[in-house]
file work32.cif (mmCIF, C-alpha atoms and all ligand atoms)
data_query
#
loop_
_atom_site.label_atom_id
_atom_site.label_comp_id
_atom_site.auth_asym_id
_atom_site.auth_seq_id
_atom_site.Cartn_x
_atom_site.Cartn_y
_atom_site.Cartn_z
CA MET Z 1 0.00 0.00 0.00
CA THR Z 2 1.28 3.45 -0.81
CA ALA Z 3 1.89 5.95 1.97
CA GLY Z 4 1.89 8.73 -0.62
CA PRO Z 5 -0.72 11.40 -1.30
CA GLU Z 6 -3.00 8.89 -3.03
CA ALA Z 7 -3.57 7.22 0.32
CA GLY Z 8 -6.35 9.77 1.01
CA GLN Z 9 -5.37 10.57 4.60
CA THR Z 10 -3.69 13.83 5.53
CA LEU Z 11 -0.40 13.73 7.39
CA CYS Z 12 -2.19 15.25 10.35
CA ASP Z 13 -4.67 12.31 10.37
CA ILE Z 14 -1.80 9.82 10.16
CA LEU Z 15 0.04 11.41 13.07
CA LEU Z 16 -3.11 11.63 15.21
CA GLU Z 17 -3.91 8.01 14.45
CA ALA Z 18 -0.36 7.05 15.43
CA GLY Z 19 -0.98 8.63 18.83
CA VAL Z 20 1.40 11.59 18.54
CA ALA Z 21 1.20 13.55 21.79
CA PRO Z 22 -0.66 16.92 21.81
CA GLU Z 23 2.50 18.96 22.50
CA TRP Z 24 4.18 17.43 19.44
CA MET Z 25 1.02 17.95 17.36
CA ARG Z 26 1.19 21.60 18.36
CA ALA Z 27 4.82 21.75 17.19
CA TYR Z 28 3.80 20.02 13.96
CA GLY Z 29 1.11 22.68 13.44
CA GLU Z 30 3.69 25.45 13.84
CA VAL Z 31 6.29 24.00 11.45
CA PRO Z 32 5.03 23.16 7.94
CA ARG Z 33 7.36 20.56 6.41
CA ALA Z 34 6.97 22.15 2.97
CA LEU Z 35 9.03 25.15 4.12
CA PHE Z 36 12.06 22.87 4.47
CA LEU Z 37 11.92 21.01 1.17
CA PRO Z 38 13.73 22.04 -2.02
CA GLU Z 39 12.33 22.98 -5.39
CA VAL Z 40 13.16 19.54 -6.82
CA MET Z 41 12.82 16.59 -4.46
CA TRP Z 42 12.68 12.79 -4.66
CA PRO Z 43 9.95 11.22 -2.49
CA PHE Z 44 10.56 7.52 -1.82
CA ASP Z 45 7.35 5.55 -1.88
CA ASP Z 46 6.42 1.95 -2.50
CA GLY Z 47 10.03 0.96 -3.20
CA ARG Z 48 10.71 3.62 -5.82
CA ASP Z 49 12.09 7.15 -6.07
CA LEU Z 50 9.92 9.79 -7.73
CA VAL Z 51 11.10 13.14 -9.06
CA ILE Z 52 8.84 16.05 -8.19
CA SER Z 53 9.45 19.64 -9.27
CA ARG Z 54 7.57 22.51 -7.64
CA THR Z 55 7.81 24.59 -10.83
CA ASP Z 56 6.43 21.86 -13.08
CA THR Z 57 3.78 20.36 -10.78
CA PRO Z 58 3.15 22.66 -7.80
CA GLU Z 59 0.05 20.81 -6.58
CA GLU Z 60 1.75 17.47 -6.68
CA TRP Z 61 4.84 18.91 -4.98
CA ARG Z 62 2.66 20.19 -2.14
CA ARG Z 63 0.85 16.89 -1.74
CA TRP Z 64 4.12 14.94 -1.57
CA ALA Z 65 5.55 17.45 0.91
CA ASP Z 66 2.66 16.49 3.21
CA ALA Z 67 2.88 12.75 2.60
CA ASP Z 68 4.19 10.30 5.18
CA VAL Z 69 7.26 9.34 3.15
CA PRO Z 70 10.98 10.10 3.37
CA ILE Z 71 12.06 12.61 0.73
CA THR Z 72 15.58 12.55 -0.67
CA THR Z 73 16.99 16.05 -0.97
CA GLN Z 74 20.60 15.25 -1.93
CA TRP Z 75 22.29 12.43 -3.86
CA ASP Z 76 25.92 11.33 -3.87
CA ASP Z 77 27.16 13.82 -1.28
CA GLY Z 78 26.11 16.68 -3.55
CA ASP Z 79 28.13 15.49 -6.58
CA HIS Z 80 24.93 14.66 -8.40
CA THR Z 81 23.34 17.36 -10.53
CA GLY Z 82 20.14 17.42 -12.54
CA THR Z 83 16.76 15.99 -11.71
CA ALA Z 84 17.38 12.30 -12.41
CA VAL Z 85 17.69 9.89 -9.51
CA GLY Z 86 21.29 9.55 -8.30
CA GLU Z 87 23.22 6.57 -6.93
CA LEU Z 88 23.28 7.03 -3.17
CA ARG Z 89 20.80 8.98 -1.04
CA THR Z 90 22.91 11.27 1.15
CA SER Z 91 20.44 13.75 2.66
CA SER Z 92 16.70 13.73 3.13
CA GLY Z 93 13.68 14.85 5.03
CA SER Z 94 12.98 11.86 7.27
CA MET Z 95 9.61 10.10 7.20
CA PRO Z 96 7.27 12.19 9.41
CA SER Z 97 5.63 9.35 11.36
CA LEU Z 98 9.09 7.98 12.16
CA VAL Z 99 10.33 11.41 13.24
CA PHE Z 100 7.45 11.70 15.72
CA ALA Z 101 7.96 8.12 16.92
CA MET Z 102 11.59 9.04 17.64
CA PHE Z 103 10.45 12.19 19.44
CA ALA Z 104 8.23 9.95 21.60
CA ASP Z 105 11.24 7.72 22.36
CA LEU Z 106 13.21 10.85 23.26
CA SER Z 107 10.63 11.72 25.97
CA VAL Z 108 11.53 15.38 26.33
CA SER Z 109 10.15 17.81 28.87
CA ASP Z 110 10.15 21.60 28.97
CA GLY Z 111 13.51 23.31 29.30
CA MET Z 112 15.60 20.35 28.16
CA ARG Z 113 18.64 20.95 25.96
CA VAL Z 114 18.81 18.75 22.88
CA LEU Z 115 21.62 17.95 20.49
CA GLU Z 116 20.53 16.73 17.07
CA ILE Z 117 22.96 14.91 14.79
CA GLY Z 118 22.18 15.16 11.04
CA THR Z 119 20.33 18.44 10.42
CA GLY Z 120 19.25 17.49 6.89
CA THR Z 121 16.44 19.80 5.82
CA GLY Z 122 16.22 21.46 9.26
CA TRP Z 123 12.62 20.32 9.80
CA CYS Z 124 13.42 18.27 12.93
CA ALA Z 125 15.49 21.11 14.37
CA ALA Z 126 12.51 23.44 13.82
CA LEU Z 127 10.10 20.99 15.46
CA LEU Z 128 12.45 20.61 18.43
CA SER Z 129 12.68 24.42 18.62
CA ALA Z 130 8.90 24.73 18.59
CA ARG Z 131 8.65 22.16 21.39
CA LEU Z 132 11.61 23.20 23.59
CA GLY Z 133 12.59 26.71 22.52
CA GLU Z 134 15.23 27.43 19.89
CA ARG Z 135 17.88 28.28 22.51
CA ASN Z 136 17.71 24.70 23.72
CA VAL Z 137 18.43 23.14 20.33
CA VAL Z 138 21.78 22.53 18.63
CA SER Z 139 21.98 20.58 15.39
CA VAL Z 140 25.15 19.33 13.70
CA GLU Z 141 25.37 18.68 9.94
CA LEU Z 142 28.47 17.40 8.17
CA ASP Z 143 27.68 18.67 4.69
CA ALA Z 144 28.29 22.43 4.45
CA ALA Z 145 25.83 22.96 1.59
CA VAL Z 146 23.09 21.01 3.41
CA ALA Z 147 23.77 22.95 6.61
CA ALA Z 148 23.62 26.29 4.77
CA ARG Z 149 20.32 25.34 3.13
CA ALA Z 150 18.87 24.23 6.48
CA ARG Z 151 19.94 27.49 8.15
CA LYS Z 152 18.27 29.47 5.37
CA ALA Z 153 15.04 27.44 5.58
CA LEU Z 154 14.99 27.72 9.38
CA ASP Z 155 15.55 31.45 9.19
CA ALA Z 156 12.79 31.91 6.60
CA ALA Z 157 10.42 29.86 8.74
CA GLY Z 158 11.27 32.00 11.78
CA TRP Z 159 13.37 29.53 13.82
CA ARG Z 160 16.96 30.09 14.91
CA PRO Z 161 18.37 27.02 16.64
CA GLU Z 162 22.16 26.75 16.39
CA VAL Z 163 23.13 24.79 13.27
CA VAL Z 164 26.76 23.73 13.35
CA THR Z 165 28.65 22.55 10.29
CA GLY Z 166 30.83 19.69 11.49
CA ASP Z 167 31.21 16.00 12.12
CA GLY Z 168 28.36 14.89 14.37
CA LEU Z 169 30.45 11.95 15.59
CA LEU Z 170 32.31 14.52 17.70
CA GLY Z 171 29.08 15.89 19.15
CA TRP Z 172 29.21 19.58 20.05
CA PRO Z 173 31.05 20.02 23.37
CA GLU Z 174 30.54 23.81 23.41
CA ARG Z 175 26.91 23.45 24.54
CA ALA Z 176 27.24 20.21 26.56
CA PRO Z 177 25.95 18.66 28.75
CA TYR Z 178 22.77 17.66 26.94
CA ASP Z 179 19.56 16.23 28.36
CA ARG Z 180 18.71 14.51 25.10
CA ILE Z 181 20.54 13.54 21.91
CA LEU Z 182 18.58 12.74 18.76
CA VAL Z 183 20.44 11.18 15.87
CA THR Z 184 18.70 11.10 12.48
CA VAL Z 185 21.40 9.31 10.54
CA SER Z 186 22.28 5.67 11.02
CA VAL Z 187 25.20 4.65 13.20
CA ARG Z 188 27.30 1.49 13.26
CA GLU Z 189 29.53 2.39 16.21
CA VAL Z 190 28.24 4.77 18.89
CA PRO Z 191 30.90 7.44 19.46
CA ARG Z 192 32.14 8.02 23.00
CA ALA Z 193 31.64 11.80 22.56
CA TRP Z 194 27.84 11.52 22.69
CA ILE Z 195 27.87 9.76 26.05
CA ASP Z 196 30.54 12.08 27.43
CA GLN Z 197 28.46 15.11 26.40
CA ALA Z 198 25.20 13.75 27.88
CA LYS Z 199 24.05 14.28 31.46
CA PRO Z 200 23.61 11.21 33.67
CA GLY Z 201 20.06 10.03 33.01
CA ALA Z 202 20.07 11.57 29.53
CA VAL Z 203 18.38 9.74 26.69
CA ILE Z 204 20.04 9.15 23.31
CA VAL Z 205 17.82 7.99 20.44
CA MET Z 206 19.38 6.80 17.21
CA PRO Z 207 19.05 4.45 14.26
CA TRP Z 208 21.66 1.76 14.81
CA GLY Z 209 22.61 -1.22 12.70
CA THR Z 210 25.33 -3.73 12.01
CA ARG Z 211 27.52 -4.18 8.96
CA TYR Z 212 25.44 -7.19 7.92
CA SER Z 213 22.76 -5.11 6.20
CA HIS Z 214 21.05 -1.73 5.90
CA GLN Z 215 18.31 -2.89 8.23
CA ASP Z 216 18.51 -0.62 11.29
CA ALA Z 217 16.50 -0.36 14.45
CA ILE Z 218 16.00 2.70 16.61
CA VAL Z 219 17.72 2.29 19.96
CA ARG Z 220 16.85 4.28 23.08
CA LEU Z 221 19.92 4.49 25.30
CA VAL Z 222 19.83 5.87 28.83
CA VAL Z 223 23.12 7.26 30.13
CA ALA Z 224 24.12 5.92 33.54
CA ASP Z 225 26.19 7.63 36.25
CA ASP Z 226 29.16 5.38 35.47
CA GLY Z 227 29.44 6.68 31.89
CA THR Z 228 27.84 3.68 30.23
CA ALA Z 229 24.62 3.84 28.20
CA SER Z 230 22.14 1.10 27.66
CA GLY Z 231 18.67 0.44 26.30
CA ARG Z 232 16.38 -1.52 24.05
CA PHE Z 233 15.55 -1.25 20.38
CA THR Z 234 12.14 0.33 19.92
CA ARG Z 235 11.32 -0.09 16.23
CA LEU Z 236 12.82 -1.18 12.93
CA ALA Z 237 13.78 1.56 10.49
CA ARG Z 238 16.01 2.26 7.51
CA PHE Z 239 18.17 5.38 7.47
CA MET Z 240 21.06 6.65 5.43
CA GLN Z 241 24.38 5.93 7.12
CA ILE Z 242 26.58 8.43 8.86
CA ARG Z 243 29.17 9.38 6.29
CA SER Z 244 32.42 8.03 7.73
CA GLN Z 245 30.84 4.71 8.76
CA ARG Z 246 29.60 3.79 5.28
CA LEU Z 247 30.94 0.53 3.95
CA GLU Z 248 31.95 -0.27 0.40
CA VAL Z 249 32.72 -3.85 -0.47
CA ARG Z 250 33.81 -4.94 -3.95
CA HIS Z 251 33.12 -8.48 -5.09
CA GLY Z 252 36.37 -8.42 -7.08
CA ASP Z 253 38.38 -8.05 -3.85
CA TYR Z 254 37.14 -11.50 -2.79
CA ILE Z 255 36.84 -13.49 -6.01
CA ASP Z 256 39.10 -12.88 -8.95
CA GLY Z 257 37.41 -13.43 -12.31
CA ASP Z 258 34.22 -15.31 -13.20
CA ASP Z 259 35.17 -18.83 -12.05
CA TRP Z 260 34.99 -20.17 -8.52
CA PRO Z 261 38.46 -20.62 -6.97
CA ASP Z 262 39.74 -24.24 -6.86
CA ASP Z 263 39.36 -24.53 -3.09
CA THR Z 264 35.69 -23.46 -3.13
CA ARG Z 265 33.55 -25.46 -0.71
CA ARG Z 266 30.18 -26.49 -2.19
CA SER Z 267 27.05 -27.54 -0.32
CA VAL Z 268 23.28 -27.30 -0.42
CA PRO Z 269 21.52 -24.66 1.70
CA THR Z 270 18.95 -25.75 4.23
CA LEU Z 271 17.26 -22.33 4.25
CA SER Z 272 15.34 -20.60 1.50
CA ALA Z 273 16.03 -17.04 0.37
CA SER Z 274 12.65 -15.87 1.65
CA SER Z 275 13.28 -17.10 5.22
CA LEU Z 276 16.13 -14.59 5.59
CA MET Z 277 14.38 -11.58 4.16
CA PRO Z 278 11.88 -10.31 6.74
CA PRO Z 279 13.36 -7.10 8.24
CA GLY Z 280 13.33 -8.46 11.81
CA VAL Z 281 15.26 -11.57 10.72
CA GLU Z 282 17.81 -9.48 8.85
CA PHE Z 283 18.31 -7.29 11.92
CA ALA Z 284 18.74 -10.28 14.26
CA LEU Z 285 21.18 -12.03 11.91
CA GLY Z 286 23.25 -8.86 11.87
CA LEU Z 287 23.58 -9.06 15.65
CA LEU Z 288 24.63 -12.68 15.48
CA VAL Z 289 27.01 -12.83 12.53
CA PRO Z 290 29.78 -10.30 13.20
CA ASP Z 291 32.20 -8.74 10.74
CA CYS Z 292 30.18 -9.79 7.74
CA THR Z 293 28.15 -7.92 5.18
CA HIS Z 294 25.65 -9.29 2.73
CA VAL Z 295 23.90 -8.36 -0.46
CA SER Z 296 20.82 -10.07 -1.77
CA GLY Z 297 19.70 -9.83 -5.34
CA HIS Z 298 19.69 -11.81 -8.55
CA ASP Z 299 22.38 -13.50 -10.61
CA THR Z 300 22.79 -12.48 -14.26
CA ASP Z 301 20.29 -15.21 -15.29
CA GLY Z 302 17.69 -13.96 -12.79
CA THR Z 303 18.31 -16.59 -10.10
CA PRO Z 304 17.79 -15.19 -6.58
CA GLY Z 305 21.00 -15.12 -4.62
CA VAL Z 306 22.76 -13.97 -1.47
CA TRP Z 307 26.41 -12.89 -1.36
CA LEU Z 308 28.31 -12.67 1.93
CA TYR Z 309 31.67 -11.01 2.52
CA GLY Z 310 33.91 -11.16 5.59
CA LEU Z 311 35.16 -7.82 6.87
CA THR Z 312 38.19 -8.98 8.81
CA ASP Z 313 39.41 -11.55 6.30
CA ARG Z 314 38.66 -12.55 2.70
CA SER Z 315 35.96 -15.11 3.53
CA TRP Z 316 33.08 -15.11 1.09
CA ALA Z 317 29.95 -17.08 0.26
CA ALA Z 318 27.51 -17.04 -2.63
CA VAL Z 319 24.20 -18.85 -2.47
CA PHE Z 320 21.85 -19.37 -5.42
CA PHE Z 321 18.28 -20.42 -4.84
CA TYR Z 322 17.02 -22.49 -7.77
CA GLY Z 323 13.77 -24.40 -7.90
CA GLU Z 324 10.16 -23.68 -7.03
CA ASP Z 325 10.52 -24.19 -3.29
CA GLY Z 326 13.51 -21.90 -3.27
CA HIS Z 327 16.10 -24.38 -2.00
CA SER Z 328 15.77 -27.97 -3.22
CA ALA Z 329 18.22 -27.57 -6.09
CA SER Z 330 20.04 -24.62 -4.63
CA GLN Z 331 23.76 -24.31 -4.25
CA VAL Z 332 26.18 -22.76 -1.78
CA TYR Z 333 29.75 -21.76 -2.69
CA GLN Z 334 32.08 -20.69 0.13
CA GLY Z 335 35.71 -19.73 0.40
CA GLY Z 336 38.18 -18.32 2.91
CA PRO Z 337 38.76 -19.11 6.60
CA ARG Z 338 35.13 -18.61 7.67
CA SER Z 339 32.13 -20.44 6.25
CA LEU Z 340 29.88 -17.41 6.27
CA TRP Z 341 26.76 -19.10 4.95
CA ASP Z 342 27.06 -21.85 7.60
CA GLU Z 343 27.28 -19.08 10.22
CA VAL Z 344 24.14 -17.44 8.85
CA GLU Z 345 22.22 -20.74 8.88
CA ALA Z 346 23.38 -21.54 12.43
CA ALA Z 347 22.42 -18.04 13.58
CA TYR Z 348 19.00 -18.36 11.99
CA LEU Z 349 18.36 -21.71 13.69
CA TRP Z 350 19.50 -20.31 17.04
CA TRP Z 351 17.16 -17.35 16.58
CA VAL Z 352 14.25 -19.74 15.82
CA ASP Z 353 15.19 -21.81 18.86
CA GLN Z 354 15.07 -18.67 21.02
CA GLY Z 355 11.42 -18.16 20.01
CA ARG Z 356 12.15 -15.80 17.08
CA PRO Z 357 12.81 -12.74 19.30
CA GLY Z 358 11.73 -9.45 17.75
CA HIS Z 359 13.89 -6.32 17.71
CA GLY Z 360 12.30 -5.15 21.00
CA GLU Z 361 13.79 -8.11 22.86
CA PHE Z 362 17.28 -7.03 21.91
CA GLY Z 363 19.16 -4.13 23.41
CA LEU Z 364 22.52 -2.38 23.27
CA THR Z 365 25.04 -1.34 25.91
CA VAL Z 366 27.87 1.07 25.22
CA THR Z 367 30.81 1.18 27.64
CA ALA Z 368 34.34 2.54 27.50
CA ASP Z 369 35.34 -0.81 25.95
CA GLY Z 370 32.90 -0.63 23.05
CA GLN Z 371 29.35 -1.69 22.35
CA GLN Z 372 27.56 -4.96 22.91
CA ALA Z 373 24.13 -6.17 21.84
CA TRP Z 374 22.11 -8.31 24.23
CA LEU Z 375 19.03 -10.45 24.23
CA ARG Z 376 16.32 -9.91 26.86
CA GLU Z 377 18.68 -9.04 29.72
CA LYS Z 378 21.62 -6.71 29.80
CA ARG Z 379 23.84 -9.43 31.24
CA GLN Z 380 23.22 -11.72 28.26
CA SER Z 381 25.33 -10.42 25.40
CA VAL Z 382 24.33 -12.21 22.22
CA GLU Z 383 27.93 -13.26 21.77
CA ALA Z 384 27.94 -14.96 25.16
CA VAL Z 385 24.56 -16.68 24.91
CA TRP Z 386 24.93 -17.85 21.33
CA LYS Z 387 27.39 -20.72 21.26
CA LYS Z 388 28.55 -20.56 17.68
CA PRO Z 389 29.21 -23.73 15.67
C1 LIG I 401 18.29 11.58 7.10
S1 LIG I 401 19.13 13.10 7.00
C2 LIG I 401 18.49 13.98 8.38
C3 LIG I 401 17.06 14.33 8.24
C4 LIG I 401 16.54 15.39 9.13
N1 LIG I 401 16.30 14.90 10.43
C5 LIG I 401 15.28 15.95 8.50
O1 LIG I 401 14.20 15.39 8.74
O2 LIG I 401 15.42 16.84 7.70
C6 LIG I 401 20.73 12.69 7.56
C7 LIG I 401 21.72 13.82 7.51
O3 LIG I 401 22.87 13.43 8.24
C8 LIG I 401 23.98 14.06 7.64
N2 LIG I 401 25.23 13.41 8.09
C9 LIG I 401 25.87 12.31 7.57
N3 LIG I 401 26.99 12.07 8.26
C10 LIG I 401 27.05 13.02 9.23
C11 LIG I 401 27.99 13.30 10.27
N4 LIG I 401 29.09 12.56 10.45
N5 LIG I 401 27.74 14.36 11.07
C12 LIG I 401 26.64 15.13 10.91
N6 LIG I 401 25.74 14.92 9.95
C13 LIG I 401 25.93 13.87 9.12
C14 LIG I 401 23.70 13.95 6.16
O4 LIG I 401 24.47 14.89 5.43
C15 LIG I 401 22.19 14.18 6.12
O5 LIG I 401 21.91 15.52 5.87
#

call {"tool": "encode", "arguments": {"input": "work32.cif", "output": "structure tokens", "more": "lines below"}}
Ligand SMILES: C[S@@+](CC[C@H](N)C(=O)[O-])C[C@H]1O[C@@H](n2cnc3c(N)ncnc32)[C@H](O)[C@@H]1O
result
Amino acid sequence: MTAGPEAGQTLCDILLEAGVAPEWMRAYGEVPRALFLPEVMWPFDDGRDLVISRTDTPEEWRRWADADVPITTQWDDGDHTGTAVGELRTSSGSMPSLVFAMFADLSVSDGMRVLEIGTGTGWCAALLSARLGERNVVSVELDAAVAARARKALDAAGWRPEVVTGDGLLGWPERAPYDRILVTVSVREVPRAWIDQAKPGAVIVMPWGTRYSHQDAIVRLVVADDGTASGRFTRLARFMQIRSQRLEVRHGDYIDGDDWPDDTRRSVPTLSASSLMPPGVEFALGLLVPDCTHVSGHDTDGTPGVWLYGLTDRSWAAVFFYGEDGHSASQVYQGGPRSLWDEVEAAYLWWVDQGRPGHGEFGLTVTADGQQAWLREKRQSVEAVWKKP
């Protein structure tokens, strides 16, 4: 089903139906999203990117501006020009219902000071300003052109929170300590700076994911007196990744040429492609199979496949799912020190054995030594409770 303007409901209806609190609805009423969107924008709906120009189709532009969809506002770190869709989405207006769900996770109260990471269009910074007062809001944006555009849009809309051009991974110590930190760009490793710049008891809300896939979940961390931060995942989400933590893996770095290497290990998968695809499964597998990234897609002849690449060595796996039932005549090819597909299958079976825990049963703890995901209880790191094969 489309979430776009054809859906018939206004954004206001959608937010009310989602239970957005009255104080946030008031902020929403004061900050029209359209004021923060550019002349040409790319709404993402129903798995595809659209191109909408305000000059060419003003009515349509307005309807998409008020739709519950994320809207790409920059491609390829600004290298992309023209109106065609680019390669990589690098800045956007986040999906409104998700923004308000994250505000709910943030649980702010009057007078709190908030640091936002990833200003983007500036809409969230304006909403936070409307809710908490612009003097209590600092937002950090890495891309100078995006930051300048956000400042201009904020100014024109009548809001003046501080917008800093800089690397959000460093936080913004000048205005610390913060009561709340909201991150609207996806993180793989939580930087120490955010915890150091947060008050004890502060809440940090962010999209977090593993290297396994682009499937993130929002985590709500509470900062403890001892300088650690911990909390559960609240909802699944997909966000663009924070710039310096993006990962690029090239197939050619693992397998030279078109033929399988001589020492390739061959087997038959016990899982089908479709069993791995639900977002919650992908997220859980990412927690269980470390230092591995995967791509799913189709081989040149249209056969569905999964490719896995090790991040600390040159282990690789390729799995092709032939046949009607998705796995009877399928084939696994693996190479390198790890058998990555075997790890994925073992992780999946362990996850099933655990009662198929959803994202909300997992949590994350960040300490001076790094970060650790856990299942159900903080003491039970997934690494400790999952006895790998
Ligand atoms: C999804 S957009 C933010 C959307 C914003 N909340 C809104 O609704 O308009 C993510 C932004 O994070 C920015 N970003 C990426 N890496 C960053 C970093 N290291 N520090 C600060 N901002 C970063 C991107 O340039 C992009 O503008």

call {"tool": "residues_near_ligand", "arguments": {"input": "work32.cif", "ligand": "ligand LIG 401 (chain I)", "cutoff": "8 Å", "atoms": "all atoms listed in the file", "output": "NGL selection string"}}
result
:Z and (36 or 74 or 77 or 90-96 or 99 or 117-125 or 140-143 or 146-147 or 165-169 or 183-186 or 239-244)

call {"tool": "closest_residue", "arguments": {"input": "work32.cif", "among": "Z:Leu271, Z:Ala284, Z:Val344, Z:Val366", "to": "Asp226 (chain Z)", "atoms": "all atoms listed in the file"}}
result
Z:Val366

call {"tool": "atom_distance", "arguments": {"input": "work32.cif", "atom1": "CA of Leu236 (chain Z)", "atom2": "CA of Glu282 (chain Z)"}}
result
10.5 Å

call {"tool": "residues_around", "arguments": {"input": "work32.cif", "residues": "Asp49 (chain Z)", "least_positions_apart": "2", "cutoff": "10 Å", "atoms": "all atoms listed in the file", "output": "CSV table (one decimal) with C-alpha atoms, in the frame of the given file"}}
result
chain,number,residue,atom,x,y,z
Z,41,MET,CA,12.8,16.6,-4.5
Z,42,TRP,CA,12.7,12.8,-4.7
Z,43,PRO,CA,10.0,11.2,-2.5
Z,44,PHE,CA,10.6,7.5,-1.8
Z,45,ASP,CA,7.4,5.6,-1.9
Z,46,ASP,CA,6.4,2.0,-2.5
Z,47,GLY,CA,10.0,1.0,-3.2
Z,51,VAL,CA,11.1,13.1,-9.1
Z,52,ILE,CA,8.8,16.0,-8.2
Z,70,PRO,CA,11.0,10.1,3.4
Z,71,ILE,CA,12.1,12.6,0.7
Z,72,THR,CA,15.6,12.6,-0.7
Z,84,ALA,CA,17.4,12.3,-12.4
Z,85,VAL,CA,17.7,9.9,-9.5
Z,86,GLY,CA,21.3,9.6,-8.3

call {"tool": "atom_distance", "arguments": {"input": "work32.cif", "atom1": "CA of Leu132 (chain Z)", "atom2": "CA of Asp105 (chain Z)"}}
result
15.5 Å

call {"tool": "closest_residue", "arguments": {"input": "work32.cif", "among": "Z:Arg54, Z:Lys378, Z:Arg238, Z:Arg33", "to": "Gly363 (chain Z)", "atoms": "all atoms listed in the file"}}
result
Z:Lys378

call {"tool": "residues_around", "arguments": {"input": "work32.cif", "residues": "region 297-303 of chain Z", "least_positions_apart": "3", "cutoff": "10 Å", "atoms": "only C-alpha atoms", "output": "ChimeraX atom specification"}}
result
/Z:273,306-307,319-323,326,330

call {"tool": "write_last_selection", "arguments": {"input": "work32.cif", "atoms": "C-alpha atoms", "output": "compact mmCIF listing (two decimals), keeping the file's coordinate frame"}}
result
# COMPACT_ATOMS: atom_id res chain seq x y z
CA ALA Z 273 16.03 -17.04 0.37
CA VAL Z 306 22.76 -13.97 -1.47
CA TRP Z 307 26.41 -12.89 -1.36
CA VAL Z 319 24.20 -18.85 -2.47
CA PHE Z 320 21.85 -19.37 -5.42
CA PHE Z 321 18.28 -20.42 -4.84
CA TYR Z 322 17.02 -22.49 -7.77
CA GLY Z 323 13.77 -24.40 -7.90
CA GLY Z 326 13.51 -21.90 -3.27
CA SER Z 330 20.04 -24.62 -4.63

call {"tool": "residues_around", "arguments": {"input": "work32.cif", "residues": "Arg232 (chain Z)", "least_positions_apart": "5", "cutoff": "8 Å", "atoms": "all atoms listed in the file", "output": "ChimeraX atom specification"}}
result
/Z:219-221,360-364

call {"tool": "write_last_selection", "arguments": {"input": "work32.cif", "atoms": "C-alpha atoms", "output": "PDB file, in the coordinates of the input"}}
result
ATOM      1  CA  VAL Z 219      17.720   2.290  19.960  1.00  0.00           C
ATOM      2  CA  ARG Z 220      16.850   4.280  23.080  1.00  0.00           C
ATOM      3  CA  LEU Z 221      19.920   4.490  25.300  1.00  0.00           C
ATOM      4  CA  GLY Z 360      12.300  -5.150  21.000  1.00  0.00           C
ATOM      5  CA  GLU Z 361      13.790  -8.110  22.860  1.00  0.00           C
ATOM      6  CA  PHE Z 362      17.280  -7.030  21.910  1.00  0.00           C
ATOM      7  CA  GLY Z 363      19.160  -4.130  23.410  1.00  0.00           C
ATOM      8  CA  LEU Z 364      22.520  -2.380  23.270  1.00  0.00           C
TER       9      LEU Z 364
END

call {"tool": "closest_residue", "arguments": {"input": "work32.cif", "among": "Z:Leu349, Z:Met102, Z:Ala317, Z:Val164", "to": "Trp24 (chain Z)", "atoms": "only C-alpha atoms"}}
result
Z:Met102

call {"tool": "closest_residue", "arguments": {"input": "work32.cif", "among": "Z:Ile255, Z:Ala153, Z:Ile181, Z:Val295", "to": "Ser213 (chain Z)", "atoms": "all atoms listed in the file"}}
result
Z:Val295

call {"tool": "residues_around", "arguments": {"input": "work32.cif", "residues": "Leu288 (chain Z)", "least_positions_apart": "5", "cutoff": "9 Å", "atoms": "all atoms listed in the file", "output": "list in words"}}
result
Glu343, Val344, Ala347, Tyr348, Trp351, Val382, Glu383 and Trp386 of chain Z

call {"tool": "closest_residue", "arguments": {"input": "work32.cif", "among": "Z:Thr73, Z:Pro161, Z:Thr293, Z:Phe103", "to": "Ala145 (chain Z)", "atoms": "all atoms listed in the file"}}
result
Z:Thr73

call {"tool": "closest_residue", "arguments": {"input": "work32.cif", "among": "Z:Ala202, Z:Leu285, Z:Met277, Z:Leu11", "to": "Ala346 (chain Z)", "atoms": "only C-alpha atoms"}}
result
Z:Leu285

call {"tool": "residues_near_point", "arguments": {"input": "work32.cif", "point": "(19.1, 7.2, 23.5)", "cutoff": "12 Å", "atoms": "all atoms listed in the file", "output": "VMD selection string"}}
result
chain Z and resid 102 to 108 114 to 116 178 to 184 190 194 to 195 198 to 208 218 to 224 228 to 234 363 to 366

call {"tool": "atom_distance", "arguments": {"input": "work32.cif", "atom1": "CA of Gly29 (chain Z)", "atom2": "CA of Gly158 (chain Z)"}}
result
13.9 Å

call {"tool": "axis_aligned_box", "arguments": {"input": "work32.cif", "around": "region 181-198 of chain Z", "padding_each_side": "6 Å", "output": "lines of an AutoDock Vina configuration file"}}
result
center_x = 25.4
center_y = 8.3
center_z = 19.2
size_x = 25.6
size_y = 25.6
size_z = 29.3
